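Visitor: This is the content of input.pdb (PDB, C-alpha atoms and all ligand atoms):
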ATOM      1  CA  MET A 226     -13.227  10.723  -3.684
ATOM      2  CA  SER A 227     -14.432  14.018  -2.319
ATOM      3  CA  ASP A 228     -12.316  15.980   0.102
ATOM      4  CA  SER A 229     -12.699  19.471   1.466
ATOM      5  CA  CYS A 230      -8.970  20.188   1.330
ATOM      6  CA  CYS A 231      -7.706  20.668  -2.263
ATOM      7  CA  VAL A 232      -4.024  20.422  -1.344
ATOM      8  CA  GLU A 233      -4.605  17.161   0.432
ATOM      9  CA  GLN A 234      -6.635  15.901  -2.506
ATOM     10  CA  ALA A 235      -3.837  16.838  -4.921
ATOM     11  CA  GLN A 236      -1.306  14.961  -2.813
ATOM     12  CA  TRP A 237      -3.511  11.899  -2.832
ATOM     13  CA  GLU A 238      -3.892  12.120  -6.607
ATOM     14  CA  GLU A 239      -0.094  12.332  -6.982
ATOM     15  CA  LEU A 240       0.351   9.311  -4.770
ATOM     16  CA  LYS A 241      -2.233   7.383  -6.768
ATOM     17  CA  GLN A 242      -0.476   8.348  -9.995
ATOM     18  CA  ALA A 243       2.751   6.927  -8.583
ATOM     19  CA  ALA A 244       0.878   3.685  -7.864
ATOM     20  CA  VAL A 245      -0.563   3.609 -11.392
ATOM     21  CA  ALA A 246       2.885   4.205 -12.916
ATOM     22  CA  VAL A 247       4.555   1.416 -10.975
ATOM     23  CA  SER A 248       1.681  -1.004 -11.683
ATOM     24  CA  GLU A 249       2.912  -0.991 -15.271
ATOM     25  CA  ARG A 250       6.120  -2.631 -14.042
ATOM     26  CA  ALA A 251       4.314  -5.500 -12.323
ATOM     27  CA  TYR A 252       5.517  -9.009 -13.104
ATOM     28  CA  ALA A 253       2.228 -10.867 -13.124
ATOM     29  CA  PRO A 254       2.375 -13.495 -15.896
ATOM     30  CA  TYR A 255       0.245 -15.987 -13.926
ATOM     31  CA  SER A 256      -2.664 -13.976 -12.538
ATOM     32  CA  ARG A 257      -2.390 -11.183 -15.122
ATOM     33  CA  PHE A 258      -3.559  -8.966 -12.254
ATOM     34  CA  ARG A 259      -1.207  -6.018 -12.011
ATOM     35  CA  VAL A 260      -0.961  -4.122  -8.754
ATOM     36  CA  GLY A 261       0.813  -0.878  -7.975
ATOM     37  CA  ALA A 262       1.202   0.523  -4.475
ATOM     38  CA  ALA A 263       2.513   3.864  -3.272
ATOM     39  CA  ALA A 264       3.049   5.371   0.149
ATOM     40  CA  LEU A 265       4.380   8.510   1.738
ATOM     41  CA  ALA A 266       6.948   8.260   4.499
ATOM     42  CA  ASP A 267       7.010  10.645   7.445
ATOM     43  CA  ASP A 268       9.846  12.615   5.824
ATOM     44  CA  GLY A 269       7.895  13.018   2.560
ATOM     45  CA  ARG A 270       9.592  10.266   0.565
ATOM     46  CA  VAL A 271       7.378   8.516  -1.983
ATOM     47  CA  LEU A 272       7.753   4.743  -1.908
ATOM     48  CA  VAL A 273       6.393   2.437  -4.562
ATOM     49  CA  GLY A 274       6.062  -1.259  -5.275
ATOM     50  CA  CYS A 275       4.501  -3.649  -7.788
ATOM     51  CA  ASN A 276       3.558  -7.294  -7.479
ATOM     52  CA  VAL A 277       6.151  -9.840  -8.544
ATOM     53  CA  GLU A 278       4.855 -13.356  -9.125
ATOM     54  CA  ASN A 279       6.660 -16.680  -9.236
ATOM     55  CA  ALA A 280       6.224 -20.025 -11.009
ATOM     56  CA  ALA A 281       5.734 -21.407  -7.507
ATOM     57  CA  TYR A 282       2.486 -19.470  -7.143
ATOM     58  CA  GLY A 283       2.539 -19.111  -3.366
ATOM     59  CA  VAL A 284       5.857 -17.275  -3.451
ATOM     60  CA  VAL A 285       4.275 -14.124  -4.891
ATOM     61  CA  LEU A 286       5.496 -10.775  -3.606
ATOM     62  CA  CYS A 287       2.571  -8.396  -3.263
ATOM     63  CA  ALA A 288       3.070  -4.779  -4.301
ATOM     64  CA  GLU A 289       3.039  -3.769  -0.630
ATOM     65  CA  CYS A 290       6.163  -5.866  -0.030
ATOM     66  CA  GLY A 291       8.012  -3.609  -2.453
ATOM     67  CA  VAL A 292       6.815  -0.482  -0.647
ATOM     68  CA  VAL A 293       7.997  -1.741   2.722
ATOM     69  CA  SER A 294      11.289  -2.939   1.299
ATOM     70  CA  GLN A 295      11.891   0.439  -0.328
ATOM     71  CA  LEU A 296      10.998   2.196   2.941
ATOM     72  CA  HIS A 297      13.855   0.466   4.699
ATOM     73  CA  ALA A 298      16.251   0.374   1.763
ATOM     74  CA  THR A 299      16.061   4.153   1.458
ATOM     75  CA  GLY A 300      16.517   5.081   5.099
ATOM     76  CA  GLY A 301      13.640   3.715   7.188
ATOM     77  CA  GLY A 302      10.992   5.795   8.909
ATOM     78  CA  ARG A 303       7.244   5.363   9.109
ATOM     79  CA  LEU A 304       4.509   5.140   6.499
ATOM     80  CA  THR A 305       1.900   7.906   6.774
ATOM     81  CA  HIS A 306      -0.271   7.601   3.618
ATOM     82  CA  PHE A 307      -0.973   4.608   1.371
ATOM     83  CA  VAL A 308      -2.889   3.675  -1.765
ATOM     84  CA  CYS A 309      -2.845   0.700  -4.130
ATOM     85  CA  VAL A 310      -4.439   0.188  -7.520
ATOM     86  CA  ASN A 311      -5.155  -2.551 -10.042
ATOM     87  CA  GLY A 312      -4.045  -2.560 -13.665
ATOM     88  CA  ASP A 313      -6.973  -0.332 -14.621
ATOM     89  CA  GLY A 314      -5.892   2.281 -12.119
ATOM     90  CA  GLU A 315      -8.766   1.544  -9.754
ATOM     91  CA  VAL A 316      -8.190   1.699  -6.032
ATOM     92  CA  ILE A 317      -8.162  -1.764  -4.449
ATOM     93  CA  MET A 318      -7.782  -3.002  -0.904
ATOM     94  CA  PRO A 319      -4.565  -4.511   0.395
ATOM     95  CA  CYS A 320      -4.933  -8.221   1.120
ATOM     96  CA  GLY A 321      -5.109  -9.333   4.744
ATOM     97  CA  ARG A 322      -1.452 -10.233   4.952
ATOM     98  CA  CYS A 323      -0.435  -6.866   3.559
ATOM     99  CA  ARG A 324      -2.672  -4.995   5.999
ATOM    100  CA  GLN A 325      -0.593  -6.640   8.710
ATOM    101  CA  LEU A 326       2.601  -5.718   6.866
ATOM    102  CA  LEU A 327       1.513  -2.083   6.547
ATOM    103  CA  PHE A 328       0.375  -1.970  10.184
ATOM    104  CA  GLU A 329       3.883  -2.830  11.321
ATOM    105  CA  HIS A 330       5.348   0.170   9.479
ATOM    106  CA  GLY A 331       2.530   2.709   9.712
ATOM    107  CA  GLY A 332       0.587   1.779  12.821
ATOM    108  CA  PRO A 333      -3.107   2.409  13.450
ATOM    109  CA  GLY A 334      -2.880   6.023  12.223
ATOM    110  CA  LEU A 335      -1.719   5.172   8.696
ATOM    111  CA  GLU A 336      -4.051   7.002   6.310
ATOM    112  CA  MET A 337      -5.330   4.881   3.454
ATOM    113  CA  TRP A 338      -7.292   5.584   0.290
ATOM    114  CA  THR A 339      -9.645   2.633   0.173
ATOM    115  CA  VAL A 340     -12.566   1.447  -1.929
ATOM    116  CA  SER A 341     -14.797   3.199   0.599
ATOM    117  CA  GLY A 342     -12.839   6.445   0.777
ATOM    118  CA  LEU A 343     -10.203   7.673   3.198
ATOM    119  CA  ARG A 344      -9.800   5.428   6.211
ATOM    120  CA  THR A 345      -7.226   4.802   8.871
ATOM    121  CA  MET A 346      -5.440   1.522   9.322
ATOM    122  CA  ALA A 347      -7.307   1.173  12.628
ATOM    123  CA  GLU A 348     -10.514   0.995  10.583
ATOM    124  CA  VAL A 349      -9.081  -1.323   7.955
ATOM    125  CA  LEU A 350      -7.428  -3.691  10.445
ATOM    126  CA  PRO A 351      -9.236  -3.225  13.765
ATOM    127  CA  ASP A 352      -7.749  -4.495  17.010
ATOM    128  CA  ALA A 353      -4.594  -5.462  15.160
ATOM    129  CA  PHE A 354      -1.902  -7.590  16.677
ATOM    130  CA  GLY A 355       1.298  -5.602  16.501
ATOM    131  CA  PRO A 356       4.661  -4.719  18.003
ATOM    132  CA  ASP A 357       3.070  -3.454  21.257
ATOM    133  CA  ASP A 358       1.692  -6.919  21.960
ATOM    134  CA  LEU A 359       5.236  -8.258  22.211
ATOM    135  CA  GLU A 360       6.188  -5.647  24.828
ATOM    136  CA  ALA A 361       4.090  -7.179  27.627
TER     137      ALA A 361
HETATM  138  N1  LIG B 401      -1.759  -8.594  -4.878
HETATM  139  C1  LIG B 401      -1.003  -7.561  -4.420
HETATM  140  O1  LIG B 401       0.061  -7.253  -4.984
HETATM  141  N2  LIG B 401      -1.419  -6.890  -3.318
HETATM  142  C2  LIG B 401      -2.599  -7.129  -2.678
HETATM  143  O2  LIG B 401      -2.857  -6.530  -1.634
HETATM  144  C3  LIG B 401      -3.576  -8.038  -3.278
HETATM  145  C4  LIG B 401      -2.990  -9.013  -4.232
HETATM  146  C5  LIG B 401      -1.297  -9.343  -6.048
HETATM  147  C6  LIG B 401      -0.774 -10.712  -5.725
HETATM  148  C7  LIG B 401      -0.953 -11.422  -7.044
HETATM  149  O3  LIG B 401       0.187 -11.189  -7.855
HETATM  150  C8  LIG B 401      -2.147 -10.744  -7.683
HETATM  151  O4  LIG B 401      -2.347  -9.550  -6.966
HETATM  152  C9  LIG B 401      -3.421 -11.571  -7.642
HETATM  153  O5  LIG B 401      -3.709 -11.982  -6.360
END
Please rewrite the model in this file as structure tokens.
Ligand code: THU

Guide:
Amino acid sequence: MSDSCCVEQAQWEELKQAAVAVSERAYAPYSRFRVGAAALADDGRVLVGCNVENAAYGVVLCAECGVVSQLHATGGGRLTHFVCVNGDGEVIMPCGRCRQLLFEHGGPGLEMWTVSGLRTMAEVLPDAFGPDDLEA
């Protein structure tokens, strides 16, 4: 990923490293596909999660579930930056369900490191259904 701002780039690399580190804790005996996810909260907290599978395959907890759970368990707030990686440390995309999950807690402005570079959640999940739709 190229970026004109070195500080920003360094922060992204740190966040990715956090995702790589937690991917090693994944519990993925069925798919053998480890995932690590990391996010920054609006107060600078780093939140991480790994996928946790289940013998009942459909009950899997994606890595993003851990991030969102940790967000709330450690004081709440909003997600501002997000990245997730596979077991080889390569950036991957959040699944559709997890894009929705991240949208709820980061909104359209959530910055994401994706397989096609830095993108906002609005680009990754356009015209999302979200909390505002329930206000009407
Ligand atoms: N997985 C995640 O943890 N996050 C995603 O966004 C994509 C998929 C996990 C679920 C399952 O344990 C494994 O990857 C294979 O689908």

Visitor: Taking the file as shown, what set of residues would the PyMOL selection byres (((chain A and resi 328-334) around 12) and not hetatm) give back, as an MDAnalysis selection string?

Guide: chainID A and resid 264:267 289:290 292:297 301:307 319 321:327 335:337 343:358

Visitor: Hey, what comes out of the PyMOL selection byres (((not hetatm)) within 7 of (chain B and resi 401)) on this file? Could you write it as a list in words?

Guide: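 Applied to this file, the PyMOL selection byres (((not hetatm)) within 7 of (chain B and resi 401)) selects Ala253, Ser256, Phe258, Arg259, Val260, Cys275, Asn276, Val277, Glu278, Val285, Leu286, Cys287, Ala288, Glu289, Met318, Pro319, Cys320 and Cys323 of chain A.
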
Visitor: Measuring atom to atom with all atoms listed in the file, identify which of A:Ala281, A:Ala262, A:Val308, A:Leu359 is nearest to A:Trp338.

Guide: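 Closest candidate: A:Val308.
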
Visitor: Centre and edge lengths of an axis-aligned box around all listed atoms of stretch 256-272 of chain A, with 3 Å added on each side, are to be given in Å to one decimal, as JSON.

Guide:
{"center_x": 3.1, "center_y": -0.5, "center_z": -3.8, "size_x": 19.4, "size_y": 33.0, "size_z": 28.6}

Visitor: Excluding same-chain residues fewer than 2 positions from A:Ala244, what lies within 6 Å of it counting all atoms listed in the file, as a list in words?

Guide: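 The contact residues come out as Lys241, Gln242, Ala246, Val247, Gly261, Ala262 and Ala263 of chain A.
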
Visitor: Apply the PyMOL selection byres (((chain A and resi 312) around 9) and not hetatm) to the file shown and report the selected residues as an MDAnalysis selection string.

Guide: chainID A and resid 245 248:249 251 257:261 310:311 313:315
